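Colleague: I'd like to ask some things about the structure below.
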Amino acid sequence: MVRSSASGAVLVSAAALLAAGTGCTSGGSGGREAPIPVVSDDLQETYQDVVNDVLPSVVQITTEDGLGSGVVYDDEGHIVTNAHVVGEGESFDVLLATGRKAERADLVASYPEQDLAVIGLRDAPDQLRPATFGDSSKVEIGQIVLAMGNPLGLSSSVTQGIVSAVGRSVSEGEGQATLGDMVQTSAAINPGNSGGALVNLSGHVIGIPTLAARDPGLGGGQAPGIGFAIPASTVTFLADQLIEHGEVRDSGRAALGVTVRTVLGDGFEPSGAAIVDVNDDGPAARAGLRPGDVIVRVSDEQVTDVVSLSEALAAHGPGDEVEVTFERDGSRERARVELGEA
């Protein structure tokens, strides 16, 4: 997976979206007439109502490195976006959906570990439209979603997709953030759109589009119809801390308390995560793991390298007890570990 300032959406035709209309086509055995599906007026009105309600909450962010999107978080002028959108920047130009000129904003705080950041408008307009963030624990596969943002610099763009999966753990690459409990969507991720809003048909933001899948078979190009969004519950949990404290004090992210490196097997393929250092009195130390052990599995998840270990841990929270399988002196052993907090 790689990150990209982006997220558009591919139109998905589904029987649930269509109501049968009248009409006929020729052809087929016996020349039977087939109904021509049409979009119901009620569904179309729902789409338009959601767009009219939420789009004023989505902004365009201009940084020294390019464009991204953000979502108005409160009436004090706080805006949530991706950490990779703001990068190392401290000040930004923000174009509101209802504005004609850019507003100036400053960084409040960034949390790259979950690819989330908050910026604040210097002079917040009186009629800001904060978005409503939904309960992402209630998101279900197959739900219709709309992606709102500024893909490729096309401001206030709206596209459509569905929720394809929930609870995904994905990595932005070795040495970068590993994100847990992500919402997978058929919305495409295009430059300029990440940090925007993934919205359900109740007009609630259920996620912040962040990642596009990359397909090695396409030379590392984007895999169509596979995108990932930070769930709304994670966004609000972290954003409240960033606004109040200027930092995240309770990450909710699980940790083993080790420093690791990728090791290669006989065929020069990644074969595990070798422990380089163990934190004193950390979870791994208390379970008896030590430097030189090679972690090959966490619970049911195979570990082949540093990234896959991070993804396995991202599926758990602090306090969870997991079984860690590791190799030591040519033999395979197991240990029960109560995870700590990163």
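Labeling convention for the structure tokens: chains A, B, ... as they appear, residues from 1 per chain, ligands from 1 in order of appearance.
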Using DSSP on the backbone coordinates, identify all residues within range 124-255 of chain A classified as strand (DSSP E); present the result as an MDAnalysis selection string.
Modeller: chainID A and resid 144:149 157:171 178:185 197:200 205:215 221:231 254:255
Colleague: Please return as a list of chain:residue names: the residues of range 78-200 of chain A that backbone DSSP assigns to helix (DSSP H, G or I).
Modeller: A:Ala83, A:His84, A:Val85, A:Val86, A:Pro112, A:Glu113, A:Gln114, A:Ser136, A:Ser137, A:Lys138, A:Pro151, A:Leu152, A:Gly153
Colleague: Can you spit out the residues from that selection as an mmCIF file, in the first residue's frame, using C-alpha atoms?
Modeller:
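Output file again-v3.cif is given in full below:
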```
data_model
loop_
_atom_site.group_PDB
_atom_site.id
_atom_site.type_symbol
_atom_site.label_atom_id
_atom_site.label_comp_id
_atom_site.auth_asym_id
_atom_site.auth_seq_id
_atom_site.Cartn_x
_atom_site.Cartn_y
_atom_site.Cartn_z
ATOM 1 C CA ALA A 83 -0.790 13.894 8.243
ATOM 2 C CA HIS A 84 0.741 13.188 4.850
ATOM 3 C CA VAL A 85 -1.322 16.041 3.368
ATOM 4 C CA VAL A 86 0.228 18.640 5.695
ATOM 5 C CA PRO A 112 1.778 10.503 11.577
ATOM 6 C CA GLU A 113 1.415 7.134 13.332
ATOM 7 C CA GLN A 114 -2.262 7.147 12.300
ATOM 8 C CA SER A 136 -17.959 3.808 12.310
ATOM 9 C CA SER A 137 -18.547 0.664 14.387
ATOM 10 C CA LYS A 138 -21.958 0.467 12.693
ATOM 11 C CA PRO A 151 -9.233 14.957 -6.650
ATOM 12 C CA LEU A 152 -6.640 16.219 -9.120
ATOM 13 C CA GLY A 153 -7.466 19.768 -8.090
#
```
Colleague: Taking into account only C-alpha atoms, which residue in the set A:Val108, A:Ala274, A:Val337, A:Val306 is nearest to Pro291 in chain A?
Modeller: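 Checking each candidate against Pro291 in chain A, we get A:Ala274 as the closest.
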Colleague: For range 78-129 of chain A versus range 242-254 of chain A, which residues have an atom no more than 8 Å away, and what is each residue's nearest atom pair and distance in Å rounded to one decimal, using only C-alpha atoms, chain-then-number order, as a tab-separated table?
Modeller:
```
residue	atom	partner	partner_atom	distance
A:Val108	CA	A:Gly246	CA	6.5
A:Ala109	CA	A:Gly246	CA	5.4
A:Ser110	CA	A:Leu242	CA	7.4
A:Tyr111	CA	A:Val248	CA	7.2
A:Ala117	CA	A:Leu242	CA	7.9
A:Val118	CA	A:Leu242	CA	7.0
```
Colleague: May I have the residues within 10 Å of Ile79 in chain A as number ranges by chain, using only C-alpha atoms and disregarding those fewer than 6 positions away in the same chain?
Modeller: A: 57-59, 61, 69-73, 94, 105, 107-108, 117-121, 130-131, 195, 239
Colleague: Go ahead and save the picked residues with all heavy atoms, as a tab-separated table (two decimals), in the first residue's frame.
Modeller:
```
chain	number	residue	atom	x	y	z
A	57	SER	N	-18.85	21.25	4.15
A	57	SER	CA	-17.91	20.94	5.24
A	57	SER	C	-16.55	20.48	4.72
A	57	SER	O	-15.62	20.29	5.51
A	57	SER	CB	-18.49	19.85	6.14
A	57	SER	OG	-19.74	20.22	6.66
A	58	VAL	N	-16.43	20.27	3.40
A	58	VAL	CA	-15.20	19.74	2.81
A	58	VAL	C	-14.41	20.89	2.20
A	58	VAL	O	-14.95	21.71	1.46
A	58	VAL	CB	-15.53	18.68	1.75
A	58	VAL	CG1	-14.25	18.12	1.13
A	58	VAL	CG2	-16.34	17.54	2.37
A	59	VAL	N	-13.11	20.95	2.52
A	59	VAL	CA	-12.27	22.07	2.09
A	59	VAL	C	-11.11	21.57	1.25
A	59	VAL	O	-10.76	20.38	1.27
A	59	VAL	CB	-11.73	22.86	3.30
A	59	VAL	CG1	-12.86	23.29	4.21
A	59	VAL	CG2	-10.70	22.03	4.08
A	61	ILE	N	-7.05	22.04	0.72
A	61	ILE	CA	-5.87	22.50	1.43
A	61	ILE	C	-4.70	22.59	0.46
A	61	ILE	O	-4.39	21.61	-0.23
A	61	ILE	CB	-5.51	21.55	2.59
A	61	ILE	CG1	-6.68	21.46	3.58
A	61	ILE	CG2	-4.25	22.01	3.31
A	61	ILE	CD1	-6.50	20.40	4.65
A	69	SER	N	-7.25	17.54	0.78
A	69	SER	CA	-8.59	17.87	1.24
A	69	SER	C	-8.64	17.82	2.76
A	69	SER	O	-7.75	17.28	3.41
A	69	SER	CB	-9.61	16.89	0.65
A	69	SER	OG	-9.60	16.92	-0.76
A	70	GLY	N	-9.69	18.38	3.32
A	70	GLY	CA	-9.91	18.35	4.76
A	70	GLY	C	-11.39	18.46	5.05
A	70	GLY	O	-12.19	18.74	4.16
A	71	VAL	N	-11.74	18.25	6.32
A	71	VAL	CA	-13.14	18.29	6.74
A	71	VAL	C	-13.25	19.21	7.95
A	71	VAL	O	-12.50	19.07	8.92
A	71	VAL	CB	-13.65	16.88	7.10
A	71	VAL	CG1	-15.12	16.95	7.51
A	71	VAL	CG2	-13.47	15.91	5.94
A	72	VAL	N	-14.20	20.16	7.89
A	72	VAL	CA	-14.42	21.06	9.01
A	72	VAL	C	-14.90	20.25	10.21
A	72	VAL	O	-15.91	19.55	10.14
A	72	VAL	CB	-15.45	22.15	8.65
A	72	VAL	CG1	-15.70	23.05	9.87
A	72	VAL	CG2	-14.96	22.98	7.47
A	73	TYR	N	-14.17	20.39	11.33
A	73	TYR	CA	-14.43	19.55	12.50
A	73	TYR	C	-15.33	20.22	13.53
A	73	TYR	O	-16.15	19.56	14.17
A	73	TYR	CB	-13.09	19.18	13.15
A	73	TYR	CG	-13.19	18.11	14.21
A	73	TYR	CD1	-13.50	16.79	13.87
A	73	TYR	CD2	-12.95	18.40	15.55
A	73	TYR	CE1	-13.59	15.81	14.84
A	73	TYR	CE2	-13.02	17.42	16.52
A	73	TYR	CZ	-13.34	16.13	16.17
A	73	TYR	OH	-13.43	15.15	17.14
A	94	VAL	N	-6.41	27.50	2.79
A	94	VAL	CA	-7.60	26.65	2.83
A	94	VAL	C	-8.72	27.33	2.07
A	94	VAL	O	-9.09	28.48	2.38
A	94	VAL	CB	-8.06	26.37	4.29
A	94	VAL	CG1	-9.37	25.61	4.30
A	94	VAL	CG2	-6.98	25.61	5.04
A	105	ALA	N	-4.44	29.09	7.47
A	105	ALA	CA	-4.58	28.14	8.57
A	105	ALA	C	-3.20	27.72	9.04
A	105	ALA	O	-2.23	27.75	8.29
A	105	ALA	CB	-5.39	26.93	8.14
A	107	LEU	N	-0.94	24.74	11.50
A	107	LEU	CA	-0.96	23.39	12.06
A	107	LEU	C	-1.27	23.45	13.56
A	107	LEU	O	-0.65	24.20	14.30
A	107	LEU	CB	0.40	22.72	11.84
A	107	LEU	CG	0.53	21.29	12.38
A	107	LEU	CD1	-0.34	20.34	11.58
A	107	LEU	CD2	1.99	20.84	12.34
A	108	VAL	N	-2.23	22.64	13.98
A	108	VAL	CA	-2.51	22.46	15.41
A	108	VAL	C	-1.65	21.34	15.95
A	108	VAL	O	-0.90	21.50	16.91
A	108	VAL	CB	-4.01	22.17	15.65
A	108	VAL	CG1	-4.26	21.83	17.12
A	108	VAL	CG2	-4.86	23.36	15.21
A	117	ALA	N	-4.05	14.60	11.06
A	117	ALA	CA	-3.58	15.91	11.49
A	117	ALA	C	-4.78	16.84	11.66
A	117	ALA	O	-5.85	16.62	11.08
A	117	ALA	CB	-2.60	16.50	10.48
A	118	VAL	N	-4.58	17.87	12.47
A	118	VAL	CA	-5.58	18.92	12.65
A	118	VAL	C	-4.92	20.26	12.36
A	118	VAL	O	-3.82	20.55	12.86
A	118	VAL	CB	-6.16	18.92	14.08
A	118	VAL	CG1	-7.14	20.09	14.25
A	118	VAL	CG2	-6.84	17.60	14.40
A	119	ILE	N	-5.57	21.09	11.54
A	119	ILE	CA	-5.13	22.45	11.32
A	119	ILE	C	-6.24	23.39	11.78
A	119	ILE	O	-7.39	22.97	11.93
A	119	ILE	CB	-4.75	22.71	9.84
A	119	ILE	CG1	-5.98	22.56	8.93
A	119	ILE	CG2	-3.66	21.76	9.39
A	119	ILE	CD1	-5.70	22.91	7.47
A	120	GLY	N	-5.90	24.65	12.01
A	120	GLY	CA	-6.89	25.60	12.49
A	120	GLY	C	-6.89	26.89	11.68
A	120	GLY	O	-5.82	27.46	11.39
A	121	LEU	N	-8.08	27.36	11.29
A	121	LEU	CA	-8.19	28.61	10.56
A	121	LEU	C	-7.82	29.77	11.48
A	121	LEU	O	-8.22	29.82	12.65
A	121	LEU	CB	-9.62	28.80	10.05
A	121	LEU	CG	-10.11	27.79	9.01
A	121	LEU	CD1	-11.59	28.00	8.73
A	121	LEU	CD2	-9.30	27.90	7.72
A	130	PRO	N	-19.56	22.60	10.31
A	130	PRO	CA	-18.88	21.39	10.78
A	130	PRO	C	-19.61	20.14	10.31
A	130	PRO	O	-20.85	20.10	10.28
A	130	PRO	CB	-18.92	21.51	12.31
A	130	PRO	CG	-19.16	22.97	12.57
A	130	PRO	CD	-20.00	23.44	11.43
A	131	ALA	N	-18.85	19.12	9.95
A	131	ALA	CA	-19.45	17.85	9.52
A	131	ALA	C	-19.93	17.06	10.73
A	131	ALA	O	-19.48	17.27	11.86
A	131	ALA	CB	-18.43	17.03	8.74
A	195	GLY	N	-7.82	12.94	2.82
A	195	GLY	CA	-8.11	13.94	3.83
A	195	GLY	C	-9.53	14.44	3.73
A	195	GLY	O	-10.00	15.18	4.59
A	239	ALA	N	-8.48	13.26	17.13
A	239	ALA	CA	-8.58	14.70	16.88
A	239	ALA	C	-8.88	15.47	18.16
A	239	ALA	O	-8.33	16.56	18.39
A	239	ALA	CB	-9.63	14.99	15.82
```
Colleague: Using Å and a single decimal, report how far CA of Thr262 in chain A sits from CA of Ile275 in chain A.
Modeller: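 Between CA of Ile275 in chain A and CA of Thr262 in chain A the gap works out to 9.1 Å.
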Colleague: Determine, counting only C-alpha atoms, which protein, DNA and RNA residues have an atom within 10 Å of an atom of Arg261 in chain A; residues of the same chain fewer than 2 positions away are not included. Present the result as a ChimeraX atom specification.
Modeller: /A:259,263,272-277,294,305-307
Colleague: Which value, in Å to one decimal, gives the distance between CA of Asn82 in chain A and CA of Ser194 in chain A?
Modeller: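 Result for CA of Asn82 in chain A versus CA of Ser194 in chain A: 6.9 Å, one decimal.
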Colleague: Please report the interatomic distance between CA of Met182 in chain A and CA of Ala287 in chain A in Å with one decimal.
Modeller: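 These two atoms are separated by 29.1 Å.
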Colleague: Of the candidates A:Ala285, A:Leu154, A:Val303, A:Leu95, which shows the shortest atom-to-atom distance to Thr63 in chain A, using only C-alpha atoms?
Modeller: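 The answer is A:Leu95, which sits nearest to Thr63 in chain A.
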Colleague: Would you mind telling me which residue in A:Gly99, A:His78, A:Ala314, A:Leu201 lies nearest to Thr46 in chain A when using only C-alpha atoms?
Modeller: A:Leu201
Colleague: Residues within 6 Å of range 334-336 of chain A, please, as a list in words. Count only C-alpha atoms; anything in the same chain fewer than 5 positions from it doesn't count.
Modeller: Val322, Glu323, Val324 and Thr325 of chain A
Colleague: Using only C-alpha atoms, can you tell me which of A:Ala197, A:Ala177, A:Val205, A:Val183 comes closest to Thr132 in chain A?
Modeller: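 For Thr132 in chain A, the nearest of the candidates is A:Val205.
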Colleague: Given the choices A:Glu341, A:Thr304, A:Phe133, A:Met148, which gets closest to Pro318 in chain A if the distance is worked out from only C-alpha atoms?
Modeller: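 Selected residue with least distance to Pro318 in chain A: A:Glu341.
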Colleague: Find the spatial neighbours of Asn200 in chain A, counting only C-alpha atoms, within a cut-off of 12 Å - ignore same-chain residues fewer than 4 positions away - and output them as JSON, numbers by chain.
Modeller: {"A": [46, 47, 49, 50, 51, 53, 54, 132, 133, 134, 135, 136, 138, 139, 140, 141, 142, 143, 144, 145, 146, 147, 148, 160, 161, 162, 163, 185, 204, 205, 206, 207, 232]}
Colleague: Can you write just those residues out, N, CA and C atoms, as a CSV table (one decimal), in the first residue's frame?
Modeller:
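What follows is the written file again_18.csv:
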```csv
chain,number,residue,atom,x,y,z
A,46,THR,N,-32.1,11.7,-2.3
A,46,THR,CA,-31.3,11.4,-1.1
A,46,THR,C,-29.8,11.8,-1.4
A,47,TYR,N,-29.3,11.4,-2.5
A,47,TYR,CA,-28.0,11.7,-2.9
A,47,TYR,C,-27.8,13.2,-2.9
A,49,ASP,N,-29.6,15.5,-1.4
A,49,ASP,CA,-29.7,16.1,0.0
A,49,ASP,C,-28.3,15.9,0.8
A,50,VAL,N,-27.7,14.7,0.6
A,50,VAL,CA,-26.5,14.4,1.3
A,50,VAL,C,-25.4,15.4,0.8
A,51,VAL,N,-25.3,15.5,-0.5
A,51,VAL,CA,-24.3,16.4,-1.1
A,51,VAL,C,-24.5,17.8,-0.6
A,53,ASP,N,-25.8,18.8,2.1
A,53,ASP,CA,-25.6,19.0,3.5
A,53,ASP,C,-24.1,18.9,3.9
A,54,VAL,N,-23.4,18.0,3.2
A,54,VAL,CA,-22.0,17.7,3.6
A,54,VAL,C,-21.0,18.5,2.9
A,132,THR,N,-20.9,16.2,10.5
A,132,THR,CA,-21.3,15.2,11.5
A,132,THR,C,-20.6,13.9,11.3
A,133,PHE,N,-19.8,13.5,12.3
A,133,PHE,CA,-19.1,12.2,12.3
A,133,PHE,C,-19.9,11.1,12.9
A,134,GLY,N,-20.0,10.0,12.1
A,134,GLY,CA,-20.9,8.9,12.5
A,134,GLY,C,-20.2,7.9,13.3
A,135,ASP,N,-20.9,6.9,13.8
A,135,ASP,CA,-20.3,5.8,14.5
A,135,ASP,C,-19.8,4.7,13.5
A,136,SER,N,-18.5,4.7,13.3
A,136,SER,CA,-18.0,3.8,12.3
A,136,SER,C,-18.1,2.3,12.7
A,138,LYS,N,-20.7,0.9,13.3
A,138,LYS,CA,-22.0,0.5,12.7
A,138,LYS,C,-21.9,0.4,11.2
A,139,VAL,N,-20.7,0.7,10.6
A,139,VAL,CA,-20.5,0.6,9.2
A,139,VAL,C,-20.6,-0.9,8.7
A,140,GLU,N,-21.3,-1.2,7.7
A,140,GLU,CA,-21.4,-2.6,7.2
A,140,GLU,C,-21.0,-2.7,5.7
A,141,ILE,N,-20.6,-3.8,5.4
A,141,ILE,CA,-20.2,-4.1,4.0
A,141,ILE,C,-21.4,-3.9,3.1
A,142,GLY,N,-21.3,-3.3,2.0
A,142,GLY,CA,-22.4,-3.1,1.0
A,142,GLY,C,-23.1,-1.7,1.2
A,143,GLN,N,-22.8,-1.0,2.2
A,143,GLN,CA,-23.4,0.3,2.4
A,143,GLN,C,-22.9,1.3,1.3
A,144,ILE,N,-23.8,2.1,0.8
A,144,ILE,CA,-23.5,3.1,-0.2
A,144,ILE,C,-22.8,4.2,0.4
A,145,VAL,N,-21.7,4.7,-0.2
A,145,VAL,CA,-21.0,5.8,0.3
A,145,VAL,C,-20.6,6.8,-0.8
A,146,LEU,N,-20.5,8.1,-0.4
A,146,LEU,CA,-20.1,9.1,-1.3
A,146,LEU,C,-18.7,9.7,-0.9
A,147,ALA,N,-17.8,9.8,-1.8
A,147,ALA,CA,-16.5,10.4,-1.5
A,147,ALA,C,-16.5,11.9,-2.0
A,148,MET,N,-16.2,12.8,-1.0
A,148,MET,CA,-16.2,14.2,-1.3
A,148,MET,C,-14.8,14.8,-1.1
A,160,GLN,N,-19.1,8.2,-6.1
A,160,GLN,CA,-19.8,7.1,-5.4
A,160,GLN,C,-19.1,5.8,-5.3
A,161,GLY,N,-19.4,5.1,-4.3
A,161,GLY,CA,-18.8,3.7,-4.1
A,161,GLY,C,-19.6,3.0,-3.1
A,162,ILE,N,-19.1,1.9,-2.6
A,162,ILE,CA,-19.7,1.1,-1.5
A,162,ILE,C,-18.6,0.8,-0.5
A,163,VAL,N,-19.0,0.4,0.7
A,163,VAL,CA,-18.1,-0.2,1.7
A,163,VAL,C,-17.8,-1.6,1.3
A,185,THR,N,-13.1,0.7,0.7
A,185,THR,CA,-14.2,1.2,-0.1
A,185,THR,C,-13.8,1.0,-1.6
A,204,HIS,N,-23.6,11.3,7.3
A,204,HIS,CA,-22.5,11.2,8.3
A,204,HIS,C,-21.2,10.9,7.7
A,205,VAL,N,-20.1,11.5,8.2
A,205,VAL,CA,-18.8,11.1,7.8
A,205,VAL,C,-18.4,9.9,8.5
A,206,ILE,N,-18.1,8.8,7.7
A,206,ILE,CA,-17.8,7.5,8.4
A,206,ILE,C,-16.3,7.2,8.2
A,207,GLY,N,-15.6,8.1,7.5
A,207,GLY,CA,-14.1,7.9,7.3
A,207,GLY,C,-13.4,9.0,6.6
A,232,ALA,N,-14.3,6.9,11.3
A,232,ALA,CA,-14.6,8.2,11.9
A,232,ALA,C,-14.4,8.1,13.4
```
